[in-house]
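upload-v5.cif (mmCIF, C-alpha atoms)
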```
data_data
loop_
_atom_site.label_atom_id
_atom_site.label_comp_id
_atom_site.auth_asym_id
_atom_site.auth_seq_id
_atom_site.Cartn_x
_atom_site.Cartn_y
_atom_site.Cartn_z
CA MET A 1414 -10.98 -14.28 -13.15
CA SER A 1415 -9.41 -10.87 -12.74
CA GLN A 1416 -7.33 -8.95 -15.23
CA GLN A 1417 -3.71 -10.14 -15.58
CA ILE A 1418 -1.51 -7.27 -14.45
CA LYS A 1419 2.14 -8.05 -13.68
CA LYS A 1420 2.89 -4.93 -11.63
CA VAL A 1421 0.21 -3.76 -9.18
CA PHE A 1422 0.50 -0.91 -6.69
CA VAL A 1423 -1.81 0.04 -3.83
CA TYR A 1424 -1.93 3.45 -2.15
CA THR A 1425 -3.46 3.73 1.31
CA GLU A 1426 -4.01 6.57 3.74
CA LEU A 1427 -5.51 6.62 7.21
CA GLN A 1428 -7.62 9.71 7.82
CA PHE A 1429 -6.08 10.90 11.04
CA SER A 1430 -3.18 13.02 12.21
CA ILE A 1431 -0.45 11.41 14.28
CA PRO A 1432 3.29 12.09 14.41
CA PHE A 1433 5.04 9.18 12.73
CA ASP A 1434 7.12 8.41 15.82
CA GLN A 1435 3.83 7.46 17.52
CA VAL A 1436 2.80 5.01 14.78
CA PRO A 1437 3.33 1.39 15.88
CA TRP A 1438 5.09 0.64 12.60
CA LYS A 1439 7.25 -2.21 13.93
CA GLU A 1440 4.15 -4.17 14.95
CA ILE A 1441 2.39 -3.28 11.71
CA ASN A 1442 5.45 -4.28 9.65
CA ALA A 1443 5.50 -7.69 11.35
CA ASN A 1444 1.86 -8.20 10.34
CA LEU A 1445 2.43 -6.91 6.81
CA LEU A 1446 5.27 -9.38 6.25
CA THR A 1447 2.70 -12.21 6.57
CA ILE A 1448 0.41 -10.87 3.80
CA ASP A 1449 0.32 -13.13 0.78
CA GLY A 1450 1.57 -11.43 -2.36
CA LEU A 1451 3.03 -8.30 -0.77
CA ILE A 1452 6.39 -7.50 -2.35
CA ARG A 1453 7.21 -4.24 -0.58
CA LYS A 1454 5.77 -1.24 1.23
CA THR A 1455 6.98 2.33 1.45
CA TRP A 1456 5.63 4.20 4.47
CA LEU A 1457 4.28 7.72 3.97
CA SER A 1458 3.73 10.52 6.49
CA GLY A 1459 1.88 13.64 5.37
CA VAL A 1460 3.91 16.85 5.47
CA GLY A 1461 1.98 19.32 7.59
CA SER A 1462 -0.90 16.90 8.12
CA ASN A 1463 0.77 13.90 9.80
CA SER A 1464 -1.60 11.60 7.92
CA VAL A 1465 -0.22 8.06 7.73
CA GLY A 1466 -0.21 6.00 4.58
CA GLY A 1467 1.72 3.73 2.34
CA PHE A 1468 2.64 2.69 -1.15
CA TYR A 1469 2.58 -1.09 -1.65
CA GLU A 1470 3.57 -3.40 -4.49
CA PHE A 1471 1.81 -6.75 -4.94
CA GLU A 1472 2.46 -9.88 -7.01
CA ASN A 1473 -0.87 -9.63 -8.82
CA LEU A 1474 -4.23 -7.89 -8.93
CA ASP A 1475 -6.11 -10.55 -6.96
CA LYS A 1476 -3.76 -10.25 -3.99
CA ALA A 1477 -3.79 -6.44 -4.15
CA GLN A 1478 -7.59 -6.42 -4.21
CA HIS A 1479 -7.75 -8.81 -1.27
CA PHE A 1480 -5.50 -6.49 0.72
CA ALA A 1481 -7.35 -3.32 -0.31
CA TRP A 1482 -10.85 -4.72 0.23
CA HIS A 1483 -10.41 -7.05 3.21
CA ILE A 1484 -7.17 -6.51 5.13
CA PHE A 1485 -6.54 -2.76 5.09
CA PRO A 1486 -10.10 -1.79 6.11
CA SER A 1487 -9.63 -3.87 9.28
CA GLU A 1488 -6.42 -1.98 10.04
CA ALA A 1489 -8.26 1.34 9.74
CA LYS A 1490 -11.04 -0.02 11.95
CA ASN A 1491 -8.44 -0.92 14.62
CA PHE A 1492 -7.41 2.75 14.69
CA GLY A 1493 -11.06 3.88 14.62
CA VAL A 1494 -10.55 6.04 11.53
CA SER A 1495 -11.73 6.25 7.95
CA PHE A 1496 -9.34 5.54 5.11
CA MET A 1497 -8.61 5.86 1.43
CA THR A 1498 -7.29 3.04 -0.75
CA LYS A 1499 -6.53 3.02 -4.48
CA ILE A 1500 -5.22 0.27 -6.74
CA PHE A 1501 -2.96 1.17 -9.68
CA ASN A 1502 -1.94 -0.71 -12.84
CA GLY A 1503 1.85 -0.51 -12.98
CA ASP A 1504 2.09 -2.29 -16.34
CA ILE A 1505 0.81 0.61 -18.40
CA THR A 1506 3.21 3.03 -16.70
CA THR A 1507 6.37 0.90 -17.10
CA GLU A 1508 8.08 2.88 -19.86
CA ALA A 1509 7.36 6.24 -18.24
CA SER A 1510 8.55 5.00 -14.84
CA ILE A 1511 11.77 3.50 -16.19
CA GLU A 1512 12.52 6.79 -17.91
CA MET A 1513 12.19 8.50 -14.52
CA LYS A 1514 14.48 5.91 -12.84
CA SER A 1515 11.78 4.52 -10.57
CA PRO A 1516 13.24 2.03 -8.07
CA HIS A 1517 10.15 -0.16 -8.54
CA TYR A 1518 10.97 -1.05 -12.18
#
```
Any chance you could put this one into structure tokens?
Amino acid sequence: MSQQIKKVFVYTELQFSIPFDQVPWKEINANLLTIDGLIRKTWLSGVGSNSVGGFYEFENLDKAQHFAWHIFPSEAKNFGVSFMTKIFNGDITTEASIEMKSPHY
């Protein structure tokens, strides 16, 4: 059984350069809305690099790990690019984030 974390965030980035208006985000969003445990995603586009990524919030660690280890790698493979994915514990950063008026807390 995995660690019980109430607030879990995942950061992803595809290792390629593409203007965001060429990203098929509507199609990707439709697929993302079917992912079990996904609460929300914020799209990211690299300033000066046009890398494409995202900041996700999940219901729990198990669902975040499933996304990071099984679902997102397939998405990167569809684009034919490498990727970076990191999972973050949002519980231990709650107080600091609330103090900074984070919309995720």
Point to revise | Residues returned when the PyMOL selection byres ((chain A and resi 1494-1508) around 8) runs on this file, as a ChimeraX atom specification | key: /A:1418-1429,1477-1478,1481,1486,1489-1493,1509-1512,1518
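Interatomic distance, CA of Lys1454 in chain A against CA of Glu1470 in chain A: 6.5 Å.
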**Study point:** For CA of Pro1432 in chain A and CA of Leu1446 in chain A, the interatomic separation in Å (one decimal)
**Key:** 23.1 Å
Evaluate the PyMOL selection byres ((chain A and resi 1452) around 7) and record the selected residues as a tab-separated table (two decimals) with C-alpha atoms, keeping the file's coordinate frame, following the chain and residue labels used in the document.
```tsv
chain	number	residue	atom	x	y	z
A	1450	GLY	CA	1.57	-11.43	-2.36
A	1451	LEU	CA	3.03	-8.30	-0.77
A	1453	ARG	CA	7.21	-4.24	-0.58
A	1470	GLU	CA	3.57	-3.40	-4.49
A	1471	PHE	CA	1.81	-6.75	-4.94
A	1472	GLU	CA	2.46	-9.88	-7.01
```
Exercise for review: With the file shown as input, list the residues that the PyMOL selection byres ((chain A and resi 1436) around 12) selects, as a PyMOL selection string.
Suggested key: chain A and resi 1427+1429-1435+1437-1442+1456-1458+1463-1466+1492
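Closest approach to His1517 in chain A among A:Thr1455, A:Ser1487, A:Ser1462, A:Thr1447 is made by A:Thr1455 (distances from all atoms listed in the file).
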